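Asker: Handing over data_13.cif, mmCIF, C-alpha atoms and all ligand atoms.
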```cif
data_start
loop_
_atom_site.label_atom_id
_atom_site.label_comp_id
_atom_site.auth_asym_id
_atom_site.auth_seq_id
_atom_site.Cartn_x
_atom_site.Cartn_y
_atom_site.Cartn_z
CA VAL Z 1411 93.59 80.65 117.61
CA SER Z 1412 96.49 80.40 115.22
CA ALA Z 1413 99.72 78.63 114.52
CA GLN Z 1414 103.20 80.13 114.44
CA GLY Z 1415 103.94 82.83 111.89
CA GLY Z 1416 107.22 81.82 110.35
CA SER Z 1417 107.90 81.77 106.66
CA SER Z 1418 105.12 83.99 105.35
CA THR Z 1419 105.95 86.99 107.55
CA ARG Z 1420 106.58 90.18 105.56
CA SER Z 1421 108.63 93.12 106.76
CA VAL Z 1422 107.76 96.56 105.40
CA PRO Z 1423 110.21 99.39 106.11
CA VAL Z 1424 108.98 102.91 106.81
CA THR Z 1425 111.43 105.80 106.85
CA SER Z 1426 110.78 108.93 108.82
CA SER Z 1427 112.70 112.03 109.77
CA ARG Z 1428 112.26 111.10 113.44
CA ARG Z 1429 113.12 107.41 113.17
CA GLY Z 1430 112.61 104.53 110.78
CA TYR Z 1431 110.55 101.54 111.78
CA ARG Z 1432 109.10 98.37 110.35
CA VAL Z 1433 105.60 97.06 109.78
CA GLU Z 1434 105.81 93.31 110.36
CA VAL Z 1435 102.89 91.50 108.73
CA GLY Z 1436 102.30 87.84 109.47
CA HIS Z 1437 99.75 85.26 110.55
CA GLY Z 1438 99.75 83.94 114.12
CA THR Z 1439 102.66 86.15 115.12
CA LEU Z 1440 101.19 87.68 118.29
CA PRO Z 1441 103.12 85.21 120.52
CA SER Z 1442 106.41 86.48 119.04
CA LEU Z 1443 105.72 90.16 119.81
CA GLY Z 1444 107.84 90.11 122.97
CA LYS Z 1445 110.97 88.95 121.15
CA ALA Z 1446 110.54 91.76 118.62
CA ILE Z 1447 110.14 94.34 121.40
CA GLN Z 1448 113.24 92.99 123.13
CA ALA Z 1449 115.20 93.15 119.88
CA LEU Z 1450 114.48 96.89 119.81
CA GLY Z 1451 115.86 97.27 123.33
CA LEU Z 1452 112.46 98.22 124.77
CA GLY Z 1453 110.91 96.98 128.01
CA PRO Z 1454 110.80 95.28 130.42
CA ARG Z 1455 107.88 97.41 131.65
CA LEU Z 1456 104.95 97.76 129.25
CA ALA Z 1457 101.63 99.58 129.39
CA LEU Z 1458 99.17 97.52 127.35
CA VAL Z 1459 96.48 99.91 126.09
CA THR Z 1460 93.51 98.14 124.55
CA ASP Z 1461 89.74 98.54 124.32
CA ARG Z 1462 87.36 96.28 126.24
CA ASN Z 1463 86.33 94.24 123.17
CA VAL Z 1464 89.89 93.50 122.14
CA LEU Z 1465 90.95 92.94 125.74
CA GLY Z 1466 88.35 90.16 126.05
CA ILE Z 1467 89.56 88.38 122.92
CA TRP Z 1468 93.26 89.10 122.38
CA GLY Z 1469 94.30 90.71 125.67
CA GLY Z 1470 94.80 87.35 127.43
CA PRO Z 1471 96.95 85.67 124.75
CA CYS Z 1472 98.96 88.85 124.29
CA GLU Z 1473 99.60 89.38 128.01
CA ARG Z 1474 100.50 85.73 128.59
CA ALA Z 1475 102.99 85.72 125.73
CA LEU Z 1476 104.62 88.93 126.91
CA ARG Z 1477 104.78 87.73 130.54
CA ALA Z 1478 106.39 84.48 129.35
CA ASP Z 1479 109.09 86.61 127.74
CA GLY Z 1480 109.74 88.33 131.08
CA PHE Z 1481 107.84 91.59 130.62
CA GLU Z 1482 106.04 93.39 133.43
CA ILE Z 1483 102.59 94.18 131.99
CA HIS Z 1484 100.22 96.93 133.10
CA ALA Z 1485 96.91 96.46 131.27
CA LEU Z 1486 95.18 99.81 130.74
CA PRO Z 1487 91.74 99.16 129.21
CA ILE Z 1488 89.71 101.91 127.55
CA GLU Z 1489 86.11 101.95 126.34
CA ALA Z 1490 85.66 100.94 122.68
CA GLY Z 1491 84.64 103.50 120.09
CA GLU Z 1492 85.60 106.85 118.63
CA ALA Z 1493 83.53 108.64 121.32
CA HIS Z 1494 86.31 107.83 123.82
CA LYS Z 1495 89.18 109.16 121.69
CA THR Z 1496 89.19 112.41 123.63
CA LEU Z 1497 91.38 114.54 125.89
CA ARG Z 1498 89.37 113.11 128.77
CA GLY Z 1499 90.25 109.60 127.58
CA ALA Z 1500 93.91 110.63 127.34
CA GLU Z 1501 93.81 112.07 130.85
CA ALA Z 1502 92.46 108.80 132.24
CA LEU Z 1503 95.40 106.99 130.63
CA TYR Z 1504 97.93 109.52 132.00
CA ASP Z 1505 96.50 108.90 135.49
CA ALA Z 1506 96.73 105.15 135.01
CA LEU Z 1507 100.36 105.45 133.85
CA VAL Z 1508 101.20 107.50 136.94
CA GLN Z 1509 99.40 104.97 139.16
CA ALA Z 1510 101.40 102.15 137.56
CA GLY Z 1511 104.63 104.08 138.20
CA LEU Z 1512 105.55 104.11 134.52
CA GLY Z 1513 107.74 106.80 132.98
CA ARG Z 1514 109.71 107.96 130.02
CA GLY Z 1515 111.85 104.83 129.70
CA ASP Z 1516 108.84 102.54 129.52
CA THR Z 1517 106.83 101.48 126.49
CA LEU Z 1518 103.17 101.78 125.60
CA VAL Z 1519 101.81 98.97 123.44
CA ALA Z 1520 98.57 99.88 121.62
CA LEU Z 1521 96.63 96.66 120.94
CA GLY Z 1522 93.47 97.36 118.92
CA GLY Z 1523 91.98 99.34 116.09
CA GLY Z 1524 92.49 102.91 114.99
CA VAL Z 1525 90.90 104.36 118.11
CA VAL Z 1526 93.34 102.55 120.40
CA GLY Z 1527 96.29 103.40 118.11
CA ASP Z 1528 95.42 107.09 117.86
CA LEU Z 1529 94.64 107.60 121.54
CA GLY Z 1530 97.42 105.32 122.79
CA GLY Z 1531 99.88 106.99 120.42
CA PHE Z 1532 98.80 110.45 121.53
CA VAL Z 1533 99.38 109.48 125.16
CA ALA Z 1534 102.74 107.86 124.32
CA ALA Z 1535 103.79 111.02 122.45
CA THR Z 1536 102.94 113.36 125.31
CA TYR Z 1537 103.38 111.48 128.59
CA HIS Z 1538 106.76 112.60 129.99
CA ARG Z 1539 107.25 114.27 126.57
CA GLY Z 1540 107.34 110.90 124.88
CA MET Z 1541 107.68 107.26 125.90
CA GLY Z 1542 108.31 104.08 123.90
CA PHE Z 1543 105.48 103.23 121.51
CA VAL Z 1544 104.56 100.02 119.71
CA GLN Z 1545 101.44 99.54 117.55
CA VAL Z 1546 99.71 96.17 117.44
CA PRO Z 1547 96.80 96.86 115.07
CA THR Z 1548 93.91 94.35 115.22
CA THR Z 1549 91.53 95.81 112.60
CA LEU Z 1550 92.11 95.58 108.87
CA LEU Z 1551 91.77 99.36 108.65
CA ALA Z 1552 94.47 99.90 111.27
CA GLN Z 1553 96.80 97.25 109.77
CA VAL Z 1554 96.77 98.75 106.29
CA ASP Z 1555 96.25 102.41 107.09
CA SER Z 1556 96.00 104.13 110.44
CA SER Z 1557 98.94 102.44 112.20
CA ILE Z 1558 101.33 103.59 109.45
CA GLY Z 1559 102.53 107.16 109.02
CA GLY Z 1560 103.05 108.32 112.59
CA LYS Z 1561 99.90 110.38 112.99
CA VAL Z 1562 98.40 110.21 116.47
CA ALA Z 1563 95.49 112.29 117.70
CA VAL Z 1564 92.39 112.77 119.77
CA ASP Z 1565 89.11 114.38 118.74
CA LEU Z 1566 87.58 117.62 119.97
CA PRO Z 1567 83.82 118.18 120.15
CA SER Z 1568 84.22 120.40 117.07
CA GLY Z 1569 86.00 117.84 114.92
CA LYS Z 1570 87.99 114.65 114.56
CA ASN Z 1571 91.76 114.44 115.06
CA LEU Z 1572 92.10 118.14 115.86
CA VAL Z 1573 94.74 117.67 118.58
CA GLY Z 1574 97.66 115.44 117.74
CA ALA Z 1575 101.26 114.90 116.76
CA PHE Z 1576 103.61 113.07 114.44
CA TYR Z 1577 104.94 110.28 116.64
CA PRO Z 1578 106.14 107.26 114.69
CA PRO Z 1579 106.04 103.97 116.59
CA ALA Z 1580 109.19 101.91 117.13
CA LEU Z 1581 107.38 98.95 115.58
CA VAL Z 1582 104.07 98.00 113.96
CA TRP Z 1583 103.22 94.34 114.65
CA ALA Z 1584 100.33 93.27 112.40
CA ASP Z 1585 99.10 89.73 113.03
CA VAL Z 1586 96.37 89.09 110.45
CA GLY Z 1587 95.27 86.14 112.61
CA THR Z 1588 93.65 88.69 114.94
CA LEU Z 1589 91.28 89.66 112.09
CA ALA Z 1590 89.52 86.28 112.46
CA THR Z 1591 87.33 87.78 115.21
CA LEU Z 1592 86.71 91.13 113.52
CA PRO Z 1593 83.01 91.77 112.73
CA LEU Z 1594 82.09 91.58 109.02
CA ARG Z 1595 81.25 95.26 108.73
CA GLU Z 1596 84.67 96.18 110.16
CA ARG Z 1597 86.33 93.96 107.56
CA TRP Z 1598 84.50 95.72 104.72
CA ASN Z 1599 85.48 99.00 106.36
CA GLY Z 1600 89.15 98.07 106.02
CA LEU Z 1601 88.69 96.66 102.53
CA ALA Z 1602 87.55 100.09 101.34
CA GLU Z 1603 91.05 101.44 102.08
CA VAL Z 1604 92.63 98.37 100.48
CA VAL Z 1605 90.65 98.96 97.29
CA LYS Z 1606 91.48 102.68 97.42
CA THR Z 1607 95.18 101.93 97.67
CA ALA Z 1608 95.02 99.48 94.78
CA LEU Z 1609 93.09 101.93 92.59
CA ILE Z 1610 95.57 104.77 93.13
CA ALA Z 1611 98.80 102.82 93.01
CA ASP Z 1612 98.73 99.11 92.24
CA ALA Z 1613 96.96 97.75 89.15
CA ALA Z 1614 98.10 94.19 89.97
CA LEU Z 1615 96.47 94.45 93.40
CA VAL Z 1616 93.23 95.56 91.70
CA SER Z 1617 93.22 92.23 89.84
CA VAL Z 1618 93.84 90.28 93.05
CA LEU Z 1619 90.91 92.10 94.70
CA GLU Z 1620 88.65 91.47 91.71
CA ALA Z 1621 89.37 87.79 92.18
CA SER Z 1622 88.93 87.59 95.95
CA LEU Z 1623 87.06 90.54 97.48
CA GLU Z 1624 84.18 88.61 99.12
CA SER Z 1625 86.43 85.88 100.47
CA LEU Z 1626 88.61 88.54 102.09
CA ALA Z 1627 85.53 90.04 103.71
CA ASP Z 1628 84.06 86.79 105.02
CA GLY Z 1629 87.37 85.37 106.17
CA THR Z 1630 87.47 82.41 103.79
CA ALA Z 1631 90.43 83.70 101.77
CA PRO Z 1632 93.62 81.66 102.29
CA ARG Z 1633 95.83 83.20 104.97
CA GLU Z 1634 98.68 83.70 102.47
CA VAL Z 1635 96.36 85.88 100.38
CA LEU Z 1636 95.36 87.91 103.43
CA VAL Z 1637 99.00 88.37 104.48
CA ASP Z 1638 99.89 89.35 100.91
CA ILE Z 1639 97.11 91.91 100.61
CA VAL Z 1640 97.76 93.50 104.01
CA ALA Z 1641 101.51 93.62 103.32
CA ARG Z 1642 101.09 95.14 99.85
CA THR Z 1643 98.62 97.76 101.02
CA ALA Z 1644 100.77 98.58 104.04
CA ALA Z 1645 103.84 98.79 101.78
CA LEU Z 1646 102.15 101.30 99.48
CA LYS Z 1647 101.06 103.46 102.40
CA ALA Z 1648 104.56 103.12 103.89
CA LYS Z 1649 106.17 104.18 100.61
CA VAL Z 1650 103.97 107.22 100.24
CA VAL Z 1651 104.36 108.42 103.82
CA SER Z 1652 108.11 107.75 103.72
CA GLU Z 1653 108.53 109.92 100.63
CA ASP Z 1654 106.11 112.58 101.74
CA GLU Z 1655 105.99 112.81 105.49
CA GLU Z 1656 104.63 116.34 105.63
CA GLU Z 1657 101.77 115.61 103.25
CA LYS Z 1658 102.71 117.88 100.35
CA GLY Z 1659 102.45 115.74 97.21
CA PRO Z 1660 102.02 111.98 96.78
CA ARG Z 1661 100.44 111.56 100.20
CA MET Z 1662 97.49 113.52 98.84
CA HIS Z 1663 96.69 110.57 96.55
CA LEU Z 1664 95.66 108.66 99.67
CA ASN Z 1665 92.75 111.11 99.89
CA PHE Z 1666 91.15 109.53 96.82
CA GLY Z 1667 87.43 109.24 97.60
CA HIS Z 1668 87.91 111.08 100.88
CA THR Z 1669 86.87 114.66 100.08
CA LEU Z 1670 83.29 113.55 99.48
CA GLY Z 1671 83.64 110.58 101.85
CA HIS Z 1672 84.52 112.82 104.79
CA ALA Z 1673 81.75 115.25 103.79
CA LEU Z 1674 79.24 112.37 103.81
CA GLU Z 1675 80.39 111.29 107.26
CA THR Z 1676 80.02 114.85 108.54
CA VAL Z 1677 76.63 115.52 106.95
CA THR Z 1678 75.20 112.19 108.14
CA GLY Z 1679 76.51 112.85 111.65
CA HIS Z 1680 79.39 110.35 112.04
CA GLY Z 1681 77.21 107.39 112.90
CA PRO Z 1682 75.07 105.65 110.30
CA LEU Z 1683 77.90 105.34 107.76
CA SER Z 1684 81.23 103.74 108.59
CA HIS Z 1685 84.34 105.49 107.26
CA GLY Z 1686 84.77 102.79 104.65
CA GLU Z 1687 81.14 102.98 103.52
CA ALA Z 1688 81.45 106.73 103.06
CA VAL Z 1689 84.75 106.38 101.20
CA VAL Z 1690 83.25 103.81 98.81
CA VAL Z 1691 80.59 106.36 97.84
CA GLY Z 1692 83.28 109.04 97.56
CA MET Z 1693 85.37 106.78 95.32
CA ARG Z 1694 82.44 106.09 93.02
CA ALA Z 1695 81.87 109.83 92.56
CA ALA Z 1696 85.60 110.50 92.16
CA ALA Z 1697 85.87 107.77 89.51
CA ARG Z 1698 83.04 109.43 87.57
CA VAL Z 1699 84.85 112.77 87.89
CA SER Z 1700 88.02 111.11 86.57
CA HIS Z 1701 86.09 109.89 83.55
CA ALA Z 1702 84.45 113.28 82.97
CA LEU Z 1703 87.92 114.87 82.94
CA GLY Z 1704 89.15 112.34 80.39
CA SER Z 1705 91.65 110.77 82.83
CA LEU Z 1706 89.85 107.44 83.05
CA GLU Z 1707 88.42 105.85 79.93
CA ALA Z 1708 84.95 104.25 79.90
CA GLU Z 1709 86.35 100.74 80.25
CA GLY Z 1710 88.37 101.74 83.32
CA LEU Z 1711 85.36 103.46 84.86
CA ASP Z 1712 83.22 100.36 84.37
CA ARG Z 1713 85.88 98.22 86.01
CA VAL Z 1714 86.18 100.52 89.03
CA LEU Z 1715 82.41 100.82 89.47
CA ALA Z 1716 81.99 97.03 89.16
CA LEU Z 1717 84.53 96.44 91.93
CA LEU Z 1718 82.98 99.08 94.19
CA ALA Z 1719 79.46 97.69 93.53
CA ARG Z 1720 80.50 94.53 95.39
CA PHE Z 1721 80.64 96.40 98.71
CA PRO Z 1722 77.44 96.00 100.78
CA ARG Z 1723 75.09 98.97 100.55
CA PRO Z 1724 74.64 100.64 103.93
CA GLN Z 1725 71.03 100.43 105.11
CA GLY Z 1726 68.81 103.09 106.58
CA VAL Z 1727 70.93 106.12 105.76
CA SER Z 1728 68.84 109.11 104.75
CA LYS Z 1729 69.80 110.91 101.56
CA PRO Z 1730 72.14 113.82 102.29
CA SER Z 1731 71.40 117.07 100.50
CA PRO Z 1732 73.89 117.75 97.68
CA ALA Z 1733 74.15 121.38 98.80
CA ALA Z 1734 75.17 120.38 102.33
CA LEU Z 1735 77.68 117.88 100.94
CA LEU Z 1736 79.16 120.48 98.64
CA GLU Z 1737 79.48 123.04 101.40
CA VAL Z 1738 81.22 120.65 103.78
CA ALA Z 1739 83.49 119.25 101.04
CA ALA Z 1740 84.55 122.73 99.95
CA ARG Z 1741 85.29 123.66 103.56
CA ASP Z 1742 87.52 120.58 103.83
CA LYS Z 1743 91.16 121.49 104.33
CA LYS Z 1744 92.00 119.63 101.13
CA ALA Z 1745 90.19 122.25 99.06
CA LEU Z 1746 92.10 125.49 98.51
CA VAL Z 1747 90.20 128.75 98.55
CA GLY Z 1748 88.63 129.32 95.15
CA LYS Z 1749 90.21 126.27 93.56
CA VAL Z 1750 89.24 122.73 94.37
CA ARG Z 1751 92.07 120.21 94.53
CA PHE Z 1752 90.68 116.77 93.88
CA VAL Z 1753 92.35 113.39 93.57
CA VAL Z 1754 91.37 111.60 90.37
CA LEU Z 1755 92.32 108.31 88.76
CA ASP Z 1756 94.72 108.47 85.87
CA GLY Z 1757 93.79 104.99 84.68
CA VAL Z 1758 93.18 101.99 86.92
CA GLY Z 1759 96.05 101.81 89.43
CA ARG Z 1760 97.26 105.41 89.05
CA ALA Z 1761 96.21 108.72 90.55
CA ARG Z 1762 96.92 112.40 90.10
CA VAL Z 1763 95.82 115.62 91.74
CA GLU Z 1764 93.50 117.80 89.68
CA ARG Z 1765 94.51 121.28 90.85
CA SER Z 1766 91.52 123.21 89.65
CA LEU Z 1767 88.45 121.09 89.30
CA PRO Z 1768 85.73 123.02 87.45
CA PRO Z 1769 83.15 124.09 90.06
CA ALA Z 1770 80.32 122.64 87.97
CA LEU Z 1771 81.97 119.23 88.02
CA PHE Z 1772 82.52 119.50 91.76
CA SER Z 1773 78.77 120.17 92.22
CA GLN Z 1774 78.01 117.26 89.93
CA ALA Z 1775 80.25 115.03 92.05
CA ALA Z 1776 78.37 116.07 95.20
CA ALA Z 1777 75.08 115.26 93.44
CA TRP Z 1778 76.41 111.82 92.43
CA ALA Z 1779 77.51 111.14 96.02
CA SER Z 1780 74.17 112.33 97.37
CA GLU Z 1781 72.17 110.10 95.04
CA ASP Z 1782 74.45 107.08 95.42
CA ARG Z 1783 72.52 104.02 96.55
P1 LIG T 1 89.19 101.34 113.32
O1 LIG T 1 90.48 100.63 113.14
O2 LIG T 1 88.10 100.89 112.39
O3 LIG T 1 89.34 102.82 113.39
P2 LIG T 1 88.21 100.91 116.11
O4 LIG T 1 89.35 101.06 117.01
O5 LIG T 1 87.05 101.83 116.27
O6 LIG T 1 88.64 100.90 114.68
O7 LIG T 1 87.67 99.41 116.18
C1 LIG T 1 86.49 99.02 115.55
C2 LIG T 1 85.74 98.02 116.43
O8 LIG T 1 86.33 96.72 116.28
C3 LIG T 1 85.80 98.33 117.90
O9 LIG T 1 84.56 98.05 118.47
C4 LIG T 1 86.86 97.38 118.43
O10 LIG T 1 86.66 97.09 119.79
C5 LIG T 1 86.66 96.18 117.56
N1 LIG T 1 87.84 95.35 117.32
C6 LIG T 1 89.08 95.76 117.04
N2 LIG T 1 89.88 94.72 116.74
C7 LIG T 1 89.11 93.61 116.87
C8 LIG T 1 89.35 92.21 116.67
N3 LIG T 1 90.53 91.77 116.23
N4 LIG T 1 88.33 91.37 116.90
C9 LIG T 1 87.11 91.84 117.27
N5 LIG T 1 86.81 93.12 117.44
C10 LIG T 1 87.80 94.00 117.24
ZN ZN T 2 90.36 106.65 105.04
#
```
Show me the file's structure as C-alpha cells.
Answerer:
Amino acid sequence: VSAQGGSSTRSVPVTSSRRGYRVEVGHGTLPSLGKAIQALGLGPRLALVTDRNVLGIWGGPCERALRADGFEIHALPIEAGEAHKTLRGAEALYDALVQAGLGRGDTLVALGGGVVGDLGGFVAATYHRGMGFVQVPTTLLAQVDSSIGGKVAVDLPSGKNLVGAFYPPALVWADVGTLATLPLRERWNGLAEVVKTALIADAALVSVLEASLESLADGTAPREVLVDIVARTAALKAKVVSEDEEEKGPRMHLNFGHTLGHALETVTGHGPLSHGEAVVVGMRAAARVSHALGSLEAEGLDRVLALLARFPRPQGVSKPSPAALLEVAARDKKALVGKVRFVVLDGVGRARVERSLPPALFSQAAAWASEDR
C-alpha cells in the first residue's frame, strides 16, 4: 500500500516514571517495525493482538514483515468493537497466550485502534504480572491520543475503563499509511481530538487545520501534512502526560469538551454518537462557556465555532434532555462535589481550568449541548 518511510519519520519522546518510550510517526513504516522491536531488545516471540477488520487488511503485511525479520508470530485475533473490551475478552487472550506457550519474556504487539490497544495493553500489563508491550495504532484517534499516556483498561457493564492500569508501552509505532483504509467516520472521530489538542495548546496547528480539515478527513491531504499533524498532536499529548502522569494539572486540559461530551455519550447510550461527535458538541458548548466567562473574546469564539461547524452533523440522534445531561455531567469524576471544574479556552490555542463554574452557566452549557444540531 505504501512506500518506505524514511526521511519524514518523526520521533516523539514520552517520559514516564516507569519507563520512557518513543512515539514514532511516519508513512509506510509498518515494514520496519521488526527492526525497531529488535533495537529495543524485544522478541523473538510476539503475540500479535488485532481485531478481525484490521487483521484482514494490515495483519498480513505486518506478519510477513515481522517473519522476514526472524520473529515467531502468534496471531491472536479479537472481535472488533468496544463491546469486546471486557474481562471476558481479556480472559480469552490469556488462554490464547497460554496455548501459544508465551510468557513474561515475550512481547504483545497491539495492532489496531483504541479497543485493541486498551485490551491488549491490559492483558500485557497483567499476564505473568507484565510482559513486553508495543502499540501499533491504526486509527487516527489511537495514533494521536489513546496509544499515548500508558493507560490500559477494560470496561465493566457499569461503565467504561473501570478496570485498568498504567502500563506504558516500550514503543508506539504509528504508520499513518494504515489510515488510508480507515472509514471516513473514524477519521472524523480522530480529527475531533486533533482539533481539541490544537484549541487547547497549539494556535499554529489551529491554522493548519483551518486550511486542511476536509482533506485530512477524506484522505486527500499530502502525506507530509498528515505525518506533521499526527506528530504534532501526539507530541502535545506526550508533553502533557510526561509532565503530569498522575493527572493532577495540565493533563486536565485534555478534557476540554469532554465533560459534556462524555455525558452526551452516556445519555444517548454509547451508540448513535461516536466519541468524536460527542466531543465536538461538548467543545462547542465549552467554547461558549469560555466566552461567557470572558476568557475567549467574540472573535475567538467565532473562529472556534466556524472550525467545529465543518465536522459532519451526526444523523438520527434524538435530542437528549438537558436535565439528564446535567446530572450525568455533574456526576462525572471531573466535577468536584459542590464545585464544577471545567476546562475553558483562554484564547484560541490556550486552555485553563475554571475551578468553580457558576452553576447557572453549567446548566446553560448543558442546554447548549442538548440543543446542538
Ligand atoms: P478507536 O481507536 O476509535 O477507539 P476502535 O479500536 O474501536 O477504535 O476501531 C474503530 C474501528 O476501525 C474498528 O471497527 C476497527 O476494526 C477499525 N479499524 C481500525 N484501524 C483500521 C484501519 N487502519 N483500517 C480500517 N479499519 C480500521
Ligand atoms: Zn477523547
Asker: Using only C-alpha atoms and all ligand atoms, find each protein or nucleic acid residue lying at most 9 Å from ligand LIG 1 (chain T); present the set as a ChimeraX atom specification.
Answerer: /Z:1460-1465,1467-1468,1489-1492,1521-1528,1547-1553,1555-1557,1586-1593,1596-1597,1599-1600,1684-1686
Asker: Do you know which residues are at most 8 Å from Leu1711 (chain Z) counting all atoms listed in the file, after dropping those on the same chain fewer than 6 positions away, and could you put them as number ranges by chain?
Answerer: Z: 1697-1698, 1701
Asker: Looking at all atoms listed in the file, which of Z:Gly1513, Z:Pro1454, Z:Gly1530, Z:Gly1759 is the one that sits closest to Glu1501 (chain Z)?
Answerer: Z:Gly1530
Asker: Check the smallest atom-to-atom distance from each of Z:Ala1602, Z:Val1714, Z:Leu1518, Z:Leu1529 to Leu1626 (chain Z) using all atoms listed in the file, then report the winner.
Answerer: Z:Ala1602
Asker: Using the file's own x, y and z axes, what box holds all listed atoms of region 1714-1724 of chain Z with 8 Å on each side, keeping edges along x, y and z, and what are its centre and edge lengths in Å to one decimal, as JSON?
Answerer:
```
{"center_x": 80.4, "center_y": 97.7, "center_z": 96.5, "size_x": 27.5, "size_y": 22.3, "size_z": 30.9}
```
Asker: Please, what distance in Å, to one decimal, runs between CA of Ala1708 (chain Z) and CA of Val1754 (chain Z)?
Answerer: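 Taking CA of Ala1708 (chain Z) and CA of Val1754 (chain Z), their separation equals 14.3 Å.
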Asker: Around (80.2, 106.3, 101.6) in the file's frame, which residues reach within 12 Å when counting all atoms listed in the file? Return as number ranges by chain?
Answerer: Z: 1598-1599, 1602-1603, 1667-1678, 1680-1696, 1718-1719, 1721-1725, 1727, 1729-1730, 1735, 1776, 1778-1783
Asker: Between CA of Gly1569 (chain Z) and CA of Val1738 (chain Z), what distance in Å does the model show, to one decimal?
Answerer: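 Spanning CA of Gly1569 (chain Z) to CA of Val1738 (chain Z) is a straight-line distance of 12.4 Å.
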Asker: Would you kindly return, as a ChimeraX atom specification, each protein, DNA or RNA residue with an atom no farther than 9 Å from any atom of Thr1425 (chain Z), considering all atoms listed in the file and excluding same-chain residues fewer than 6 positions away?
Answerer: /Z:1431-1432,1648-1649,1651-1653,1655
Asker: Show me as a PyMOL selection string the residues that reach within 12 Å of (104.3, 91.6, 105.3), counting all atoms listed in the file and using the file's own coordinates.
Answerer: chain Z and resi 1415-1423+1432-1437+1439+1553-1554+1582-1586+1633-1646+1648
Asker: Give the answer as one residue: which of Z:Ala1535, Z:Leu1440, Z:Leu1664, Z:Ala1631 has the shortest atom-to-atom distance to Cys1472 (chain Z), using only C-alpha atoms?
Answerer: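 Closest candidate: Z:Leu1440.
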Asker: So how far away is CA of Asp1612 (chain Z) from CA of Glu1764 (chain Z), in Å?
Answerer: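 CA of Glu1764 (chain Z) sits 19.6 Å away from CA of Asp1612 (chain Z).
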Asker: With distances taken over all atoms listed in the file, which residue among Z:Ser1731, Z:Arg1762, Z:His1663, Z:Leu1767 lies nearest ligand ZN 2 (chain T)?
Answerer: Z:His1663
Asker: Find, counting only C-alpha atoms and all ligand atoms, the residue in Z:Leu1703, Z:Ala1621, Z:Val1605, Z:Ser1766 that gets nearest to ligand ZN 2 (chain T).
Answerer: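 Ranked by minimum distance to ligand ZN 2 (chain T), first place goes to Z:Val1605.
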Asker: Of the candidates Z:Phe1481, Z:Phe1666, Z:Phe1752, Z:Tyr1537, which shows the shortest atom-to-atom distance to ligand ZN 2 (chain T), using all atoms listed in the file?
Answerer: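 Counting all atoms listed in the file, the residue closest to ligand ZN 2 (chain T) is Z:Phe1666.
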Asker: Would you kindly return, as a short mmCIF file (atom, residue, chain, number, x, y, z; two decimals) with C-alpha atoms, keeping the file's coordinate frame, each protein, DNA or RNA residue with an atom no farther than 12 Å from any atom of Ala1500 (chain Z), considering all atoms listed in the file and excluding same-chain residues fewer than 2 positions away?
Answerer:
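And here is the file that came out, part-v8.cif:
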```cif
data_model
loop_
_atom_site.label_atom_id
_atom_site.label_comp_id
_atom_site.auth_asym_id
_atom_site.auth_seq_id
_atom_site.Cartn_x
_atom_site.Cartn_y
_atom_site.Cartn_z
CA VAL Z 1459 96.48 99.91 126.09
CA LEU Z 1486 95.18 99.81 130.74
CA PRO Z 1487 91.74 99.16 129.21
CA ILE Z 1488 89.71 101.91 127.55
CA GLU Z 1489 86.11 101.95 126.34
CA HIS Z 1494 86.31 107.83 123.82
CA LYS Z 1495 89.18 109.16 121.69
CA THR Z 1496 89.19 112.41 123.63
CA LEU Z 1497 91.38 114.54 125.89
CA ARG Z 1498 89.37 113.11 128.77
CA ALA Z 1502 92.46 108.80 132.24
CA LEU Z 1503 95.40 106.99 130.63
CA TYR Z 1504 97.93 109.52 132.00
CA ASP Z 1505 96.50 108.90 135.49
CA ALA Z 1506 96.73 105.15 135.01
CA LEU Z 1507 100.36 105.45 133.85
CA VAL Z 1525 90.90 104.36 118.11
CA VAL Z 1526 93.34 102.55 120.40
CA GLY Z 1527 96.29 103.40 118.11
CA ASP Z 1528 95.42 107.09 117.86
CA LEU Z 1529 94.64 107.60 121.54
CA GLY Z 1530 97.42 105.32 122.79
CA GLY Z 1531 99.88 106.99 120.42
CA PHE Z 1532 98.80 110.45 121.53
CA VAL Z 1533 99.38 109.48 125.16
CA ALA Z 1534 102.74 107.86 124.32
CA ALA Z 1535 103.79 111.02 122.45
CA THR Z 1536 102.94 113.36 125.31
CA TYR Z 1537 103.38 111.48 128.59
CA VAL Z 1562 98.40 110.21 116.47
CA ALA Z 1563 95.49 112.29 117.70
CA VAL Z 1564 92.39 112.77 119.77
CA ASP Z 1565 89.11 114.38 118.74
CA LEU Z 1566 87.58 117.62 119.97
CA VAL Z 1573 94.74 117.67 118.58
CA GLY Z 1574 97.66 115.44 117.74
#
```
